[in-house]
>>> print(open('query.csv').read())   # CSV, C-alpha atoms
chain,number,residue,atom,x,y,z
A,28,MET,CA,-3.0,61.6,-1.4
A,29,SER,CA,0.3,61.7,-3.1
A,30,THR,CA,1.5,64.5,-0.8
A,31,ASP,CA,0.6,62.3,2.2
A,32,ALA,CA,2.0,59.2,0.9
A,33,PRO,CA,5.7,59.9,1.6
A,34,SER,CA,5.0,60.3,5.3
A,35,LYS,CA,5.3,56.6,6.0
A,36,GLU,CA,8.7,56.4,4.4
A,37,ASP,CA,9.8,59.5,6.2
A,38,VAL,CA,8.9,57.9,9.5
A,39,ARG,CA,10.8,54.9,8.7
A,40,GLU,CA,13.9,56.8,7.8
A,41,THR,CA,13.7,59.1,10.9
A,42,ASP,CA,13.1,56.0,13.0
A,43,GLY,CA,16.4,54.5,11.8
A,44,ALA,CA,15.1,51.0,12.4
A,45,PRO,CA,15.8,48.6,9.5
A,46,GLU,CA,12.2,48.3,8.6
A,47,PRO,CA,12.2,46.9,5.1
A,48,PRO,CA,14.2,43.8,6.0
A,49,ARG,CA,11.7,43.0,8.6
A,50,ARG,CA,8.9,42.7,6.0
A,51,GLY,CA,11.3,40.7,3.8
A,52,ASN,CA,11.9,38.4,6.8
A,53,ARG,CA,8.2,37.7,7.1
A,54,GLY,CA,8.0,36.7,3.5
A,55,ARG,CA,10.9,34.4,4.0
A,56,THR,CA,9.4,32.9,7.1
A,57,ILE,CA,6.2,32.2,5.3
A,58,ALA,CA,8.2,30.6,2.4
A,59,ILE,CA,10.2,28.5,4.9
A,60,VAL,CA,7.0,27.3,6.6
A,61,LEU,CA,5.1,26.7,3.4
A,62,ALA,CA,7.8,25.1,1.3
A,63,PRO,CA,7.8,21.8,3.2
A,64,VAL,CA,4.0,21.7,3.4
A,65,VAL,CA,3.7,22.2,-0.4
A,66,LEU,CA,6.5,19.7,-1.1
A,67,PHE,CA,4.8,17.1,1.2
A,68,ALA,CA,1.4,17.8,-0.5
A,69,LEU,CA,3.0,17.3,-3.9
A,70,LEU,CA,4.6,14.1,-2.7
A,71,LEU,CA,1.2,12.8,-1.5
A,72,ALA,CA,-0.5,14.0,-4.6
A,73,SER,CA,1.9,12.2,-6.9
A,74,GLY,CA,0.7,8.9,-5.4
A,75,LEU,CA,-3.0,9.6,-6.0
A,76,GLY,CA,-3.0,8.4,-9.6
A,77,ASN,CA,-1.4,5.1,-8.7
A,78,ASP,CA,-3.3,1.9,-8.9
A,79,PRO,CA,-2.7,0.2,-5.6
A,80,HIS,CA,-3.1,-3.2,-7.3
A,81,ALA,CA,-0.7,-2.6,-10.1
A,82,LEU,CA,2.4,-4.0,-8.5
A,83,PRO,CA,5.3,-5.9,-10.0
A,84,SER,CA,4.9,-9.6,-9.2
A,85,GLU,CA,6.9,-11.0,-6.3
A,86,LEU,CA,7.3,-14.1,-8.4
A,87,ILE,CA,9.4,-12.7,-11.2
A,88,GLY,CA,12.5,-14.8,-11.5
A,89,LYS,CA,11.2,-17.4,-9.0
A,90,PRO,CA,9.9,-20.9,-9.8
A,91,ALA,CA,6.3,-20.7,-11.1
A,92,PRO,CA,3.8,-22.2,-8.6
A,93,GLU,CA,2.8,-25.7,-9.7
A,94,PHE,CA,-0.8,-26.5,-10.6
A,95,SER,CA,-3.0,-29.3,-11.6
A,96,LEU,CA,-6.3,-28.0,-12.8
A,97,PRO,CA,-9.5,-29.5,-14.3
A,98,ARG,CA,-9.9,-28.5,-17.9
A,99,LEU,CA,-13.0,-26.6,-18.9
A,100,ASP,CA,-12.9,-26.8,-22.7
A,101,ALA,CA,-12.1,-30.5,-22.6
A,102,GLY,CA,-11.9,-33.4,-20.3
A,103,GLY,CA,-9.0,-34.3,-17.9
A,104,THR,CA,-6.6,-32.0,-16.1
A,105,ILE,CA,-3.9,-29.7,-17.1
A,106,ASP,CA,-0.7,-30.1,-15.1
A,107,SER,CA,2.2,-27.7,-14.8
A,108,ALA,CA,4.6,-30.7,-14.8
A,109,ASP,CA,3.4,-31.6,-18.3
A,110,LEU,CA,4.3,-28.2,-19.5
A,111,SER,CA,7.9,-28.0,-18.2
A,112,GLY,CA,10.4,-26.9,-20.8
A,113,GLN,CA,7.7,-24.9,-22.6
A,114,VAL,CA,6.9,-21.2,-22.6
A,115,VAL,CA,3.5,-21.0,-20.8
A,116,VAL,CA,1.3,-17.9,-20.8
A,117,VAL,CA,-1.0,-18.2,-17.8
A,118,ASN,CA,-4.0,-15.8,-18.2
A,119,PHE,CA,-6.3,-15.4,-15.2
A,120,TRP,CA,-9.6,-14.2,-16.5
A,121,ALA,CA,-13.4,-14.3,-15.8
A,122,SER,CA,-16.5,-14.0,-17.9
A,123,TRP,CA,-17.7,-11.1,-15.7
A,124,CYS,CA,-14.5,-9.2,-16.4
A,125,VAL,CA,-14.8,-6.4,-19.0
A,126,PRO,CA,-11.1,-5.9,-19.8
A,127,CYS,CA,-10.9,-9.7,-20.4
A,128,ARG,CA,-13.1,-9.1,-23.5
A,129,ASP,CA,-10.7,-6.5,-24.7
A,130,GLU,CA,-7.6,-8.7,-24.4
A,131,HIS,CA,-9.3,-11.7,-26.0
A,132,PRO,CA,-8.1,-11.0,-29.6
A,133,ALA,CA,-4.5,-10.4,-28.4
A,134,LEU,CA,-4.4,-13.8,-26.7
A,135,ASP,CA,-6.0,-15.4,-29.6
A,136,GLU,CA,-3.5,-14.0,-32.0
A,137,ALA,CA,-0.5,-14.8,-29.8
A,138,TRP,CA,-1.8,-18.4,-29.4
A,139,ARG,CA,-2.2,-18.9,-33.1
A,140,ARG,CA,1.2,-17.3,-33.9
A,141,TYR,CA,3.3,-19.2,-31.3
A,142,ARG,CA,1.6,-22.6,-30.7
A,143,GLU,CA,3.8,-24.2,-33.4
A,144,ARG,CA,6.8,-23.1,-31.4
A,145,GLY,CA,5.6,-25.0,-28.3
A,146,VAL,CA,4.1,-22.0,-26.5
A,147,VAL,CA,1.0,-22.7,-24.5
A,148,VAL,CA,-1.6,-20.2,-23.7
A,149,LEU,CA,-3.6,-21.3,-20.7
A,150,GLY,CA,-6.7,-19.5,-19.5
A,151,VAL,CA,-7.4,-20.0,-15.8
A,152,SER,CA,-10.9,-19.1,-14.7
A,153,PHE,CA,-11.0,-16.7,-11.7
A,154,GLU,CA,-14.0,-16.5,-9.4
A,155,ASP,CA,-16.3,-17.8,-12.0
A,156,THR,CA,-18.6,-20.7,-12.7
A,157,PRO,CA,-17.6,-23.3,-15.3
A,158,GLU,CA,-20.8,-22.5,-17.2
A,159,GLY,CA,-20.0,-18.8,-17.2
A,160,ALA,CA,-16.5,-19.5,-18.4
A,161,MET,CA,-17.6,-21.7,-21.2
A,162,ASP,CA,-20.3,-19.2,-22.3
A,163,PHE,CA,-17.6,-16.6,-22.6
A,164,ARG,CA,-15.5,-19.0,-24.7
A,165,ASN,CA,-18.4,-19.9,-27.0
A,166,GLU,CA,-19.3,-16.3,-27.4
A,167,LEU,CA,-15.8,-15.0,-28.2
A,168,GLY,CA,-14.2,-18.1,-29.7
A,169,GLY,CA,-10.6,-19.3,-29.3
A,170,ASP,CA,-9.2,-22.7,-28.8
A,171,TRP,CA,-6.4,-22.4,-26.3
A,172,PRO,CA,-6.9,-24.6,-23.2
A,173,LEU,CA,-9.0,-23.3,-20.4
A,174,ALA,CA,-8.9,-24.5,-16.8
A,175,ASP,CA,-11.0,-24.1,-13.7
A,176,ASP,CA,-9.4,-23.1,-10.4
A,177,PRO,CA,-11.5,-24.6,-7.6
A,178,GLY,CA,-11.0,-22.7,-4.4
A,179,SER,CA,-8.8,-20.1,-6.3
A,180,GLU,CA,-5.8,-22.1,-5.1
A,181,THR,CA,-3.8,-21.3,-8.2
A,182,ALA,CA,-4.8,-17.7,-8.2
A,183,ILE,CA,-3.7,-17.3,-4.6
A,184,ALA,CA,-0.5,-19.2,-5.4
A,185,TYR,CA,0.2,-16.7,-8.2
A,186,GLY,CA,-0.7,-13.7,-6.0
A,187,VAL,CA,-3.5,-12.6,-8.3
A,188,PHE,CA,-5.1,-9.3,-7.3
A,189,GLY,CA,-7.9,-9.4,-9.9
A,190,VAL,CA,-8.6,-10.2,-13.5
A,191,PRO,CA,-7.2,-10.0,-16.0
A,192,GLU,CA,-3.6,-10.8,-15.0
A,193,THR,CA,-1.2,-12.6,-17.3
A,194,PHE,CA,2.0,-14.4,-16.4
A,195,VAL,CA,4.7,-15.7,-18.7
A,196,ILE,CA,6.6,-18.8,-17.5
A,197,ALA,CA,10.0,-19.4,-19.2
A,198,PRO,CA,11.1,-22.9,-20.3
A,199,ASP,CA,13.2,-23.2,-17.1
A,200,GLY,CA,10.0,-23.0,-15.0
A,201,THR,CA,10.5,-19.5,-13.6
A,202,VAL,CA,8.1,-16.7,-13.9
A,203,SER,CA,9.6,-14.3,-16.4
A,204,ALA,CA,6.9,-11.6,-16.8
A,205,LYS,CA,3.6,-10.5,-15.4
A,206,THR,CA,1.1,-7.8,-16.4
A,207,THR,CA,-2.0,-6.5,-14.7
A,208,GLY,CA,-5.0,-5.5,-16.8
A,209,ALA,CA,-5.8,-6.2,-20.4
A,210,VAL,CA,-2.8,-7.7,-22.0
A,211,THR,CA,-1.7,-6.4,-25.4
A,212,TYR,CA,-0.4,-8.3,-28.4
A,213,ASP,CA,2.8,-6.3,-28.3
A,214,TRP,CA,3.4,-7.2,-24.7
A,215,LEU,CA,2.7,-10.9,-25.4
A,216,THR,CA,5.0,-11.1,-28.4
A,217,ASP,CA,7.8,-9.2,-26.5
A,218,GLU,CA,7.6,-11.4,-23.5
A,219,ILE,CA,7.1,-14.7,-25.4
A,220,GLU,CA,10.1,-14.0,-27.5
A,221,ARG,CA,12.2,-13.1,-24.5
A,222,ALA,CA,11.1,-16.3,-22.7
A,223,LEU,CA,11.9,-18.4,-25.9
A,224,ARG,CA,15.4,-16.8,-26.1
A,225,LYS,CA,15.9,-17.6,-22.5
A,226,GLY,CA,15.1,-21.2,-23.3
A,227,ASP,CA,17.5,-21.2,-26.3
A,228,VAL,CA,20.4,-20.1,-24.2
A,229,GLU,CA,20.1,-23.0,-21.8
B,7,MET,CA,-12.8,-14.1,65.1
B,8,SER,CA,-14.0,-17.3,63.5
B,9,ALA,CA,-16.4,-15.4,61.3
B,10,ARG,CA,-13.5,-13.2,60.1
B,11,THR,CA,-11.4,-16.3,59.3
B,12,ARG,CA,-14.3,-17.8,57.5
B,13,SER,CA,-14.9,-14.7,55.4
B,14,ILE,CA,-11.2,-14.6,54.5
B,15,ALA,CA,-11.2,-18.2,53.5
B,16,LEU,CA,-14.2,-17.6,51.4
B,17,ILE,CA,-12.5,-14.7,49.6
B,18,VAL,CA,-9.3,-16.7,49.0
B,19,GLY,CA,-11.4,-19.6,47.8
B,20,ALA,CA,-13.3,-17.4,45.4
B,21,VAL,CA,-10.1,-15.9,44.0
B,22,VAL,CA,-8.6,-19.3,43.5
B,23,VAL,CA,-11.7,-20.6,41.7
B,24,VAL,CA,-12.0,-17.5,39.4
B,25,GLY,CA,-8.3,-17.7,38.7
B,26,LEU,CA,-8.3,-21.3,37.8
B,27,ALA,CA,-11.4,-20.8,35.7
B,28,ALA,CA,-9.7,-18.0,33.8
B,29,LEU,CA,-6.6,-20.1,33.4
B,30,PHE,CA,-8.6,-23.0,32.0
B,31,ALA,CA,-10.6,-20.7,29.7
B,32,SER,CA,-7.5,-19.0,28.2
B,33,ALA,CA,-5.6,-22.3,27.9
B,34,GLY,CA,-8.7,-23.8,26.2
B,35,SER,CA,-9.1,-21.0,23.7
B,36,GLY,CA,-5.4,-20.9,23.0
B,37,ARG,CA,-5.3,-24.5,22.0
B,38,ALA,CA,-8.7,-25.3,20.6
B,39,SER,CA,-10.1,-22.5,18.5
B,40,LEU,CA,-8.6,-22.8,15.1
B,41,ALA,CA,-11.2,-20.2,14.0
B,42,ASP,CA,-9.8,-17.6,16.3
B,43,ARG,CA,-6.2,-18.1,15.2
B,44,SER,CA,-7.4,-18.2,11.6
B,45,HIS,CA,-9.3,-15.0,12.1
B,46,GLU,CA,-6.3,-13.3,13.7
B,47,ILE,CA,-4.1,-14.1,10.6
B,48,ALA,CA,-6.8,-13.1,8.2
B,49,ALA,CA,-7.4,-9.8,10.0
B,50,GLY,CA,-3.7,-8.9,9.4
B,51,LEU,CA,-3.9,-9.6,5.6
B,52,ARG,CA,-5.1,-7.1,3.0
B,53,CYS,CA,-7.8,-8.5,0.7
B,54,PRO,CA,-6.3,-8.3,-2.8
B,55,VAL,CA,-9.6,-7.6,-4.6
B,56,CYS,CA,-10.9,-5.0,-2.3
B,57,GLN,CA,-10.1,-1.4,-1.3
B,58,ASN,CA,-8.6,-1.5,2.1
B,59,LEU,CA,-10.5,-4.4,3.6
B,60,SER,CA,-8.8,-7.2,5.5
B,61,VAL,CA,-9.2,-10.8,4.4
B,62,ALA,CA,-11.2,-11.3,7.6
B,63,ASP,CA,-13.7,-8.5,6.8
B,64,SER,CA,-14.1,-9.0,3.1
B,65,PRO,CA,-17.2,-10.7,1.7
B,66,SER,CA,-15.4,-11.4,-1.6
B,67,GLY,CA,-15.0,-14.9,-2.9
B,68,LEU,CA,-11.2,-14.7,-3.0
B,69,ALA,CA,-11.0,-13.5,0.6
B,70,GLY,CA,-13.2,-16.5,1.6
B,71,GLU,CA,-10.8,-18.8,-0.2
B,72,MET,CA,-7.8,-17.2,1.4
B,73,ARG,CA,-9.5,-17.7,4.8
B,74,SER,CA,-9.9,-21.4,4.0
B,75,GLU,CA,-6.3,-21.5,2.8
B,76,ILE,CA,-5.2,-20.1,6.2
B,77,ALA,CA,-7.4,-22.7,8.0
B,78,THR,CA,-6.0,-25.5,5.9
B,79,ARG,CA,-2.4,-24.4,6.6
B,80,LEU,CA,-3.1,-24.0,10.3
B,81,ARG,CA,-4.5,-27.5,10.5
B,82,ALA,CA,-1.5,-28.8,8.7
B,83,GLY,CA,0.6,-27.4,11.6
B,84,GLU,CA,2.0,-24.3,10.0
B,85,SER,CA,2.7,-21.4,12.3
B,86,PRO,CA,1.1,-18.0,11.7
B,87,GLU,CA,4.5,-16.6,10.7
B,88,GLU,CA,4.8,-19.3,8.0
B,89,ILE,CA,1.4,-18.6,6.7
B,90,ARG,CA,2.0,-14.8,6.5
B,91,ALA,CA,5.3,-15.6,4.7
B,92,PHE,CA,3.4,-17.7,2.2
B,93,PHE,CA,1.2,-14.7,1.3
B,94,VAL,CA,4.1,-12.2,1.3
B,95,ASP,CA,6.0,-14.5,-1.1
B,96,ARG,CA,3.1,-14.2,-3.5
B,97,TYR,CA,1.6,-10.7,-3.0
B,98,GLY,CA,4.6,-8.9,-1.5
B,99,GLU,CA,4.5,-6.9,1.8
B,100,TRP,CA,1.5,-5.2,0.2
B,101,ILE,CA,-0.6,-8.0,1.6
B,102,LEU,CA,0.3,-7.1,5.2
B,103,LEU,CA,-2.0,-4.5,6.8
B,104,GLU,CA,0.8,-3.7,9.1
B,105,PRO,CA,4.1,-3.8,7.3
B,106,PRO,CA,7.1,-4.8,9.3
B,107,LYS,CA,8.9,-1.8,10.9
B,108,ARG,CA,12.2,-2.1,9.0
B,109,GLY,CA,14.1,-0.7,6.1
B,110,LEU,CA,12.2,1.9,4.1
B,111,ASN,CA,9.0,1.2,6.1
B,112,LEU,CA,10.6,3.1,9.0
B,113,VAL,CA,10.3,6.4,7.1
B,114,PRO,CA,6.8,7.2,8.2
B,115,TRP,CA,7.8,6.6,11.8
B,116,ALA,CA,11.0,8.6,11.6
B,117,VAL,CA,9.7,11.6,9.6
B,118,PRO,CA,7.6,13.1,12.4
B,119,ILE,CA,10.4,12.8,14.9
B,120,VAL,CA,13.0,14.3,12.5
B,121,ALA,CA,10.5,17.1,11.7
B,122,LEU,CA,9.9,17.8,15.3
B,123,ILE,CA,13.7,18.0,16.1
B,124,ALA,CA,14.3,20.2,13.0
B,125,GLY,CA,11.4,22.5,14.0
B,126,VAL,CA,12.7,22.9,17.5
B,127,ALA,CA,16.2,23.6,16.2
B,128,VAL,CA,14.9,26.3,13.8
B,129,TRP,CA,12.8,27.8,16.6
B,130,VAL,CA,15.7,27.9,19.0
B,131,MET,CA,17.9,29.5,16.2
B,132,VAL,CA,15.2,32.2,15.5
B,133,VAL,CA,14.7,33.0,19.2
B,134,ARG,CA,18.5,33.2,19.8
B,135,ARG,CA,19.1,35.5,16.7
B,136,ARG,CA,16.2,37.8,17.8
B,137,GLY,CA,17.6,38.0,21.3
B,138,THR,CA,21.1,39.0,20.3
B,139,GLY,CA,20.2,41.1,17.3
B,140,GLY,CA,17.5,43.3,18.9
B,141,GLU,CA,19.2,44.6,22.1
B,142,PRO,CA,22.4,46.5,21.4
B,143,GLU,CA,20.9,48.5,18.5
B,144,ALA,CA,18.6,50.6,20.6
B,145,PRO,CA,20.0,51.4,24.0
B,146,GLY,CA,17.4,54.1,24.9
B,147,SER,CA,14.3,52.3,24.0
B,148,SER,CA,15.1,48.6,24.0
B,149,GLU,CA,11.7,47.6,22.7
B,150,ARG,CA,10.5,48.1,19.2
B,151,PRO,CA,7.1,49.6,18.7
B,152,THR,CA,4.4,47.0,18.1
B,153,ALA,CA,2.2,47.0,15.0
B,154,ALA,CA,-0.5,48.9,16.9
B,155,GLU,CA,1.9,51.4,18.3
B,156,ARG,CA,3.5,52.0,14.9
B,157,GLU,CA,0.1,52.5,13.4
B,158,ARG,CA,-0.6,55.2,16.0
B,159,ILE,CA,2.8,56.9,15.4
B,160,ASP,CA,2.1,56.9,11.7
B,161,ARG,CA,-1.3,58.4,12.3
B,162,ASP,CA,-0.1,61.1,14.7
B,163,LEU,CA,2.7,62.1,12.4
B,164,ALA,CA,0.3,62.3,9.5
B,165,ASP,CA,-1.9,64.5,11.7
B,166,LEU,CA,1.0,66.7,12.5
B,167,GLN,CA,1.9,67.1,8.8
B,168,GLU,CA,-1.6,67.7,7.6
B,169,PRO,CA,-2.3,71.2,8.8
B,170,GLY,CA,1.1,72.5,7.6
>>> encode(input="query.csv", output="structure tokens")
Amino acid sequence: MSTDAPSKEDVRETDGAPEPPRRGNRGRTIAIVLAPVVLFALLLASGLGNDPHALPSELIGKPAPEFSLPRLDAGGTIDSADLSGQVVVVNFWASWCVPCRDEHPALDEAWRRYRERGVVVLGVSFEDTPEGAMDFRNELGGDWPLADDPGSETAIAYGVFGVPETFVIAPDGTVSAKTTGAVTYDWLTDEIERALRKGDVE
Amino acid sequence: MSARTRSIALIVGAVVVVGLAALFASAGSGRASLADRSHEIAAGLRCPVCQNLSVADSPSGLAGEMRSEIATRLRAGESPEEIRAFFVDRYGEWILLEPPKRGLNLVPWAVPIVALIAGVAVWVMVVRRRGTGGEPEAPGSSERPTAAERERIDRDLADLQEPG
């Protein structure tokens, strides 16, 4: 075999045609064709892990939508106008929502830590019955105000995609932060402190 | 003659009647059916709690409430544009099933055209280079052997070398 092998190269040399570059060209052509395809595939693939609902709120920096909601844990209504000048944590939640159970201790702790400083945590029931909401409260405890949202008007006004979602309203009445999914104690303290500082400056 | 005139009159009459009926029907639906206008707006909005369903198609509670919100706002005299803007202000352009064709949203429309132009340009360049590069080099035999021909040349040359 080894004696036969050189024949090909001999042919190439006697032919005089620049044969090796031609093969190199083919590799380059394949690379040129494949590179954009691969890059495009990578671009598309990079978006696969994204949660299509985890979007920054359109309301950040804008006036928080007003609400007047019937209270669930007590009588009467809870009105956004009565809370002006205060930091309000609006937590949309539901008894059927699993991550809402996970975030419950964080809300409880933030409420207990900040309520003396005029911070209000408000739970707004989302796509739930008043009975379901109160069962959840009785099961997990907590004593921050809870409100019903008939017709999901407030949820729509806040652009809620699902539960849980948590908004922080600064003392000036603008939405200063929003998070999707179970809220953490760290996030709450960071954002509440930031909103309180914002109030102090003014 | 009179029969012909009569038939023409009949056809003209029929056309007028059908035309008027269509006109009344369209005018009626355009003004009266709040449900249709409401549905049209809902069909263009993405249901927030679903995976790629419009507000009109989704059976979810939130979508139902968004539909009644649309109806309430239509009844209050808001235009479809104002209602869409209300939802965009809260949910962002995400909520629109067909985002407006401006700004960064133009990229998906522009990319295929740009790619096509670039592809044609590359193709023209390659063809041109091949045309000028191939000819002067081999005046006797202007055509290079094809892969099949080359294979045969290789085989024949190998055959020639083998006995020796």
>>> interface_residues(input="query.csv", of="chain A", to="chain B", cutoff="6 Å", atoms="only C-alpha atoms", output="PDB file with C-alpha atoms, in the coordinates of the input")
ATOM      1  CA  GLU A  85       6.900 -11.000  -6.300  1.00  0.00           C
ATOM      2  CA  GLY A 178     -11.000 -22.700  -4.400  1.00  0.00           C
ATOM      3  CA  GLY A 186      -0.700 -13.700  -6.000  1.00  0.00           C
ATOM      4  CA  PHE A 188      -5.100  -9.300  -7.300  1.00  0.00           C
ATOM      5  CA  GLY A 189      -7.900  -9.400  -9.900  1.00  0.00           C
TER       6      GLY A 189
END
>>> atom_distance(input="query.csv", atom1="CA of Arg164 in chain A", atom2="CA of Arg128 in chain A")
10.3 Å
>>> closest_residue(input="query.csv", among="A:Pro126, A:Pro97, A:Gly51, A:Gly169", to="Thr181 in chain A", atoms="all atoms listed in the file")
A:Pro97
>>> residues_around(input="query.csv", residues="range 212-225 of chain A", least_positions_apart="6", cutoff="12 Å", atoms="all atoms listed in the file", output="JSON, numbers by chain")
{"A": [88, 112, 113, 114, 115, 116, 117, 118, 129, 130, 131, 132, 133, 134, 135, 136, 137, 138, 139, 140, 141, 142, 144, 145, 146, 147, 148, 193, 194, 195, 196, 197, 198, 199, 200, 201, 202, 203, 204, 205, 206]}
>>> atom_distance(input="query.csv", atom1="CA of Ser122 in chain A", atom2="CA of Pro65 in chain B")
19.9 Å
>>> atom_distance(input="query.csv", atom1="CA of Ala101 in chain A", atom2="CA of Val190 in chain A")
22.5 Å
>>> build_atoms(input="query.csv", residues="range 96-117 of chain B", atoms="N, CA and C atoms", output="CSV table (one decimal), in the coordinates of the input")
chain,number,residue,atom,x,y,z
B,96,ARG,N,3.9,-14.3,-2.3
B,96,ARG,CA,3.1,-14.2,-3.5
B,96,ARG,C,2.6,-12.8,-3.8
B,97,TYR,N,2.2,-12.1,-2.8
B,97,TYR,CA,1.6,-10.7,-3.0
B,97,TYR,C,2.6,-9.6,-2.6
B,98,GLY,N,3.7,-9.9,-1.9
B,98,GLY,CA,4.6,-8.9,-1.5
B,98,GLY,C,4.1,-8.4,-0.1
B,99,GLU,N,4.9,-7.4,0.5
B,99,GLU,CA,4.5,-6.9,1.8
B,99,GLU,C,3.2,-6.1,1.7
B,100,TRP,N,2.8,-5.8,0.5
B,100,TRP,CA,1.5,-5.2,0.2
B,100,TRP,C,0.4,-5.9,1.0
B,101,ILE,N,0.5,-7.2,1.1
B,101,ILE,CA,-0.6,-8.0,1.6
B,101,ILE,C,-0.7,-7.8,3.2
B,102,LEU,N,0.3,-7.3,3.8
B,102,LEU,CA,0.3,-7.1,5.2
B,102,LEU,C,-0.4,-5.8,5.5
B,103,LEU,N,-1.4,-5.8,6.4
B,103,LEU,CA,-2.0,-4.5,6.8
B,103,LEU,C,-1.1,-3.7,7.7
B,104,GLU,N,-0.2,-4.4,8.4
B,104,GLU,CA,0.8,-3.7,9.1
B,104,GLU,C,2.2,-4.1,8.7
B,105,PRO,N,2.8,-3.4,7.8
B,105,PRO,CA,4.1,-3.8,7.3
B,105,PRO,C,5.1,-3.8,8.4
B,106,PRO,N,6.1,-4.7,8.3
B,106,PRO,CA,7.1,-4.8,9.3
B,106,PRO,C,7.9,-3.5,9.4
B,107,LYS,N,8.2,-3.1,10.7
B,107,LYS,CA,8.9,-1.8,10.9
B,107,LYS,C,10.4,-2.0,10.6
B,108,ARG,N,10.8,-2.0,9.4
B,108,ARG,CA,12.2,-2.1,9.0
B,108,ARG,C,12.5,-1.5,7.6
B,109,GLY,N,13.7,-1.2,7.4
B,109,GLY,CA,14.1,-0.7,6.1
B,109,GLY,C,13.3,0.6,5.7
B,110,LEU,N,12.8,0.7,4.5
B,110,LEU,CA,12.2,1.9,4.1
B,110,LEU,C,10.8,2.1,4.8
B,111,ASN,N,10.3,1.1,5.4
B,111,ASN,CA,9.0,1.2,6.1
B,111,ASN,C,9.2,2.1,7.3
B,112,LEU,N,10.4,2.3,7.8
B,112,LEU,CA,10.6,3.1,9.0
B,112,LEU,C,10.4,4.6,8.7
B,113,VAL,N,10.4,5.0,7.4
B,113,VAL,CA,10.3,6.4,7.1
B,113,VAL,C,9.1,7.1,7.7
B,114,PRO,N,7.9,6.5,7.6
B,114,PRO,CA,6.8,7.2,8.2
B,114,PRO,C,6.9,7.4,9.7
B,115,TRP,N,7.6,6.5,10.4
B,115,TRP,CA,7.8,6.6,11.8
B,115,TRP,C,8.9,7.6,12.1
B,116,ALA,N,9.9,7.7,11.3
B,116,ALA,CA,11.0,8.6,11.6
B,116,ALA,C,10.7,10.1,11.2
B,117,VAL,N,10.0,10.3,10.1
B,117,VAL,CA,9.7,11.6,9.6
B,117,VAL,C,9.2,12.6,10.7
